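Asker: Following this message is one structure expressed as structure tokens.
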Amino acid sequence: QVQLVESGGGSVQSGGSLRLSCTASGPPYKRYCMAWFRQAPGKEREGVASIKSDGIPKYAESVQGRFSISQDNAEITIYLQMNGLEPEDTAMYYCAAGLAFDSGGGCSLRNNAYTFWGQGTQVTVSQ
């Protein structure tokens, strides 16, 4: 059973930055895809960014160029660096892990592709 714990959420003004962290435990997570999702009130959960164990990232179009996903060398923790935050980025952010490979060999951003989920961390961006 993979366990995921997120941290780093908070409140910032528009244009600000935050860095989220997700620490994984429990084997065999190193073979998994890991990803960040978010869910705003009244909206469906959407994929934000994913990363393979070899470090190859994938981003949703809405965050391309503003957000950056990375992992530490031990692949225990992944990060989401969020720059240029906008009020539309306000949401609960979740870390996910799973054998979520897409047809191209990358890591999927589809909600139902992931098996393990963290409890989430809130990000609030004000005008």
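So you can find residues: chains in the structure tokens are A, B, ... in the order shown, residues in each start at 1, and ligands are numbered from 1 in order.
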Could you write out, as a PyMOL selection string, all the residues of chain A that DSSP marks as strand (DSSP E or B)?
Answerer: chain A and resi 3-7+10-13+18-25+33-39+46-51+57-59+67-71+77-82+91-98+101+107+116-117+121-126
Asker: Determine, using only C-alpha atoms, which residues of region 3-56 of chain A have any atom at most 6 Å from an atom of region 108-127 of chain A, and tabulate each with its shortest atom pair and distance in Å to one decimal place, rows ordered by chain and then rising number, as CSV.
Answerer:
residue,atom,partner,partner_atom,distance
A:Leu4,CA,A:Gly118,CA,4.7
A:Val5,CA,A:Gly118,CA,5.5
A:Gly9,CA,A:Val123,CA,5.0
A:Gly10,CA,A:Val123,CA,5.1
A:Ser11,CA,A:Thr124,CA,4.6
A:Val12,CA,A:Val125,CA,5.1
A:Gln13,CA,A:Ser126,CA,4.8
A:Ser14,CA,A:Gln127,CA,5.2
A:Gly47,CA,A:Leu109,CA,4.7
Asker: From the set A:Gly26, A:Gly16, A:Gly8, A:Gly106, which residue has the shortest atom-to-atom contact distance to Ile76 (chain A), counting only C-alpha atoms?
Answerer: A:Gly26
Asker: Could you state the separation of CA of Lys52 (chain A) and CA of Glu6 (chain A) in Å, given to one decimal place?
Answerer: 18.2 Å
Asker: Between CA of Asp102 (chain A) and CA of Arg19 (chain A), what is the distance in Å, rounded to a tenth?
Answerer: 26.3 Å
Asker: Contacts of Phe67 (chain A) at 10 Å or less, counting only C-alpha atoms, minus same-chain residues fewer than 3 places along, as a PyMOL selection string?
Answerer: chain A and resi 17-19+48-49+59-60+62-64+80-85
Asker: At what distance in Å, to one decimal, does CA of Asp72 (chain A) lie from CA of Ser53 (chain A)?
Answerer: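 Atom-to-atom, CA of Ser53 (chain A) to CA of Asp72 (chain A), that is 10.1 Å.
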Asker: Can you work out which one of A:Leu20, A:Arg45, A:Gln3, A:Ala97 has the shortest atom-to-atom distance to Ile69 (chain A), counting only C-alpha atoms?
Answerer: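 Residue with the minimum atom-to-atom distance to Ile69 (chain A): A:Leu20.
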Asker: Closest to Ile78 (chain A) among A:Val2, A:Ala24, A:Leu99, A:Met92, using only C-alpha atoms?
Answerer: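 Of all the options, A:Ala24 lies closest to Ile78 (chain A).
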